[in-house]
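K.L.:
Below you'll find the structure I mean.
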Amino acid sequence: MRKNALSSLLVAGIAAAAFTTSTQAFAYGAGDFFTRVGVAKVEPKSDNSDLTLGGVDYDVKVDDDSAFAFTLGYRFTDKLGVELLAAEPFDHDFQVEGVTGGSVDHLPPTLTVQYYPLGGTDARVQPYAGIGVNYTMFSDEELEAGLPVEFDDSWGAAGQVGVDLLIDDNWALNAAAWYLDIDTDVTVNGDDVGEVEIDPVVVMAGVSYRF
């Protein structure tokens with residue numbers, strides 16, 4: 001599922017290169033401020049490491065979740081820009097296999113520097129890619145077993161691909177995906193029990209507006 005979503009966006013970006021001869025003169029580029037708004041789905045990787053409870057290692061699985069998300073961005077030049085991803089909290093259920101379940105909320109603000117290969121041209125389809133940093137804040141941690149649990153906040157790298165389909169001088173349809181390196185140390189009842197590797201792909205679909 002993760003590979004399919006990411007592959008679809010990559011295919012869209014590659015296909016966009018074939019549309020450089022558009023007759024519409026939208027010319028998105030240097031000096032543009034923009035926002036992208038939509039629904040984002042966070043898909044953690046399938047193997048989220050394990051936790052050690054009572055001297056025994058147990059597999060951990062973190063479930064998907066979807067929420068409203070938006071970005072704010074600026075283009076320094078026709079081809080280079082920066083974008084900040086924000087969202088309402090994602091609420092993930094998780095299972096410590098064979099022991100207990102629980103839930104945790106997180107916010108993953110992510111800042112990326114972006115490259116637009118067709119920036120400044122009249123192409124209606126504008127692919128882009130970015131690299132940057134992610135900071136994930138965890139809250140409202142709960143275990144069904146009733147023990148206090150805490151997920152430490154996390155810093156990590158981020159990668160991004162996306163594509164805008166320009167409608168007019170201001171509006172565009174948008175699809176984007178991020179890979180986020182999210183590893184969090186977990187404490188149960190005051191004891192360090194290991195690290196959970198969430199490392200999700202975040203897929204967002206929505207609209208873009210240029211100011």
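In the structure tokens, chains take letters A, B, ... by order of appearance, with residues numbered from 1 within each chain and ligands from 1 in the order shown.
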Fewer than 5 positions away in the same chain doesn't count, so skip those; otherwise give me all residues within 8 Å of region 77-89 of chain A, counting only C-alpha atoms, as an mmCIF file with C-alpha atoms, in the first residue's frame.

P.N.:
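Output saved as around23.cif:
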```cif
data_model
loop_
_atom_site.group_PDB
_atom_site.id
_atom_site.type_symbol
_atom_site.label_atom_id
_atom_site.label_comp_id
_atom_site.auth_asym_id
_atom_site.auth_seq_id
_atom_site.Cartn_x
_atom_site.Cartn_y
_atom_site.Cartn_z
ATOM 1 C CA TYR A 28 4.231 29.777 -11.435
ATOM 2 C CA GLY A 29 7.609 30.744 -10.032
ATOM 3 C CA ALA A 30 9.784 33.176 -8.076
ATOM 4 C CA GLY A 31 8.055 35.252 -5.396
ATOM 5 C CA ALA A 67 -6.717 13.979 9.213
ATOM 6 C CA PHE A 68 -7.021 17.470 7.743
ATOM 7 C CA ALA A 69 -3.634 18.892 6.707
ATOM 8 C CA PHE A 70 -2.274 22.021 5.089
ATOM 9 C CA THR A 71 0.999 23.548 3.980
ATOM 10 C CA LEU A 72 2.423 27.035 3.631
ATOM 11 C CA ASP A 105 -1.768 11.387 19.168
ATOM 12 C CA HIS A 106 0.976 13.062 17.210
ATOM 13 C CA LEU A 107 1.681 16.231 15.235
ATOM 14 C CA PRO A 108 4.445 16.019 12.605
ATOM 15 C CA PRO A 109 5.365 19.557 11.424
ATOM 16 C CA THR A 110 7.773 19.106 8.518
ATOM 17 C CA LEU A 111 9.910 21.690 6.717
ATOM 18 C CA THR A 112 11.249 20.891 3.246
ATOM 19 C CA VAL A 113 13.352 22.691 0.663
ATOM 20 C CA GLN A 114 11.804 21.982 -2.742
ATOM 21 C CA TYR A 115 12.968 21.721 -6.339
ATOM 22 C CA TYR A 116 10.552 22.417 -9.218
ATOM 23 C CA PRO A 117 12.119 21.167 -12.486
ATOM 24 C CA LEU A 118 9.513 22.960 -14.651
ATOM 25 C CA GLY A 119 9.311 26.103 -12.513
ATOM 26 C CA GLY A 120 8.969 29.354 -14.445
#
```

K.L.:
I'd like the neighbourhood of Ala177 (chain A) as a PyMOL selection string, where a residue qualifies if any of its atoms comes within 6 Å (using only C-alpha atoms), though same-chain residues fewer than 3 positions away should be ignored.

P.N.:
chain A and resi 160-161+202-203

K.L.:
Of the candidates A:Val37, A:Val193, A:Ala123, A:Val207, which one gets nearest to Gly55 (chain A) if we count only C-alpha atoms?

P.N.:
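Going through A:Val37, A:Val193, A:Ala123, A:Val207 one by one, the smallest distance to Gly55 (chain A) is for A:Val193.
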
K.L.:
Let me make sure I understand: among A:Ala40, A:Val163, A:Leu143, A:Val133, which one has the smallest atom-to-atom distance to Phe94 (chain A) if we use only C-alpha atoms?

P.N.:
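Nearest candidate to Phe94 (chain A) out of A:Ala40, A:Val163, A:Leu143, A:Val133: A:Leu143.
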
K.L.:
Pick out the residues sitting within 7 Å of Gly206 (chain A), and hand them over as a list in words; count only C-alpha atoms, and ignore anything fewer than 5 positions along from it in its own chain.

P.N.:
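Residues near the query, excluding close chain neighbours: Arg36, Val37, Gly38, Val39, Leu173, Asn174 and Ala175 of chain A.
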
K.L.:
Store the residues picked out above, limited to C-alpha atoms, as a tab-separated table (two decimals), in the first residue's frame.

P.N.:
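Resulting contents of part_7.tsv:
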```
chain	number	residue	atom	x	y	z
A	36	ARG	CA	-2.02	23.51	-0.07
A	37	VAL	CA	-5.05	22.12	1.78
A	38	GLY	CA	-6.40	18.58	1.85
A	39	VAL	CA	-6.76	15.27	3.67
A	173	LEU	CA	-5.13	20.39	-7.82
A	174	ASN	CA	-2.40	18.82	-5.69
A	175	ALA	CA	-1.14	15.38	-4.69
```
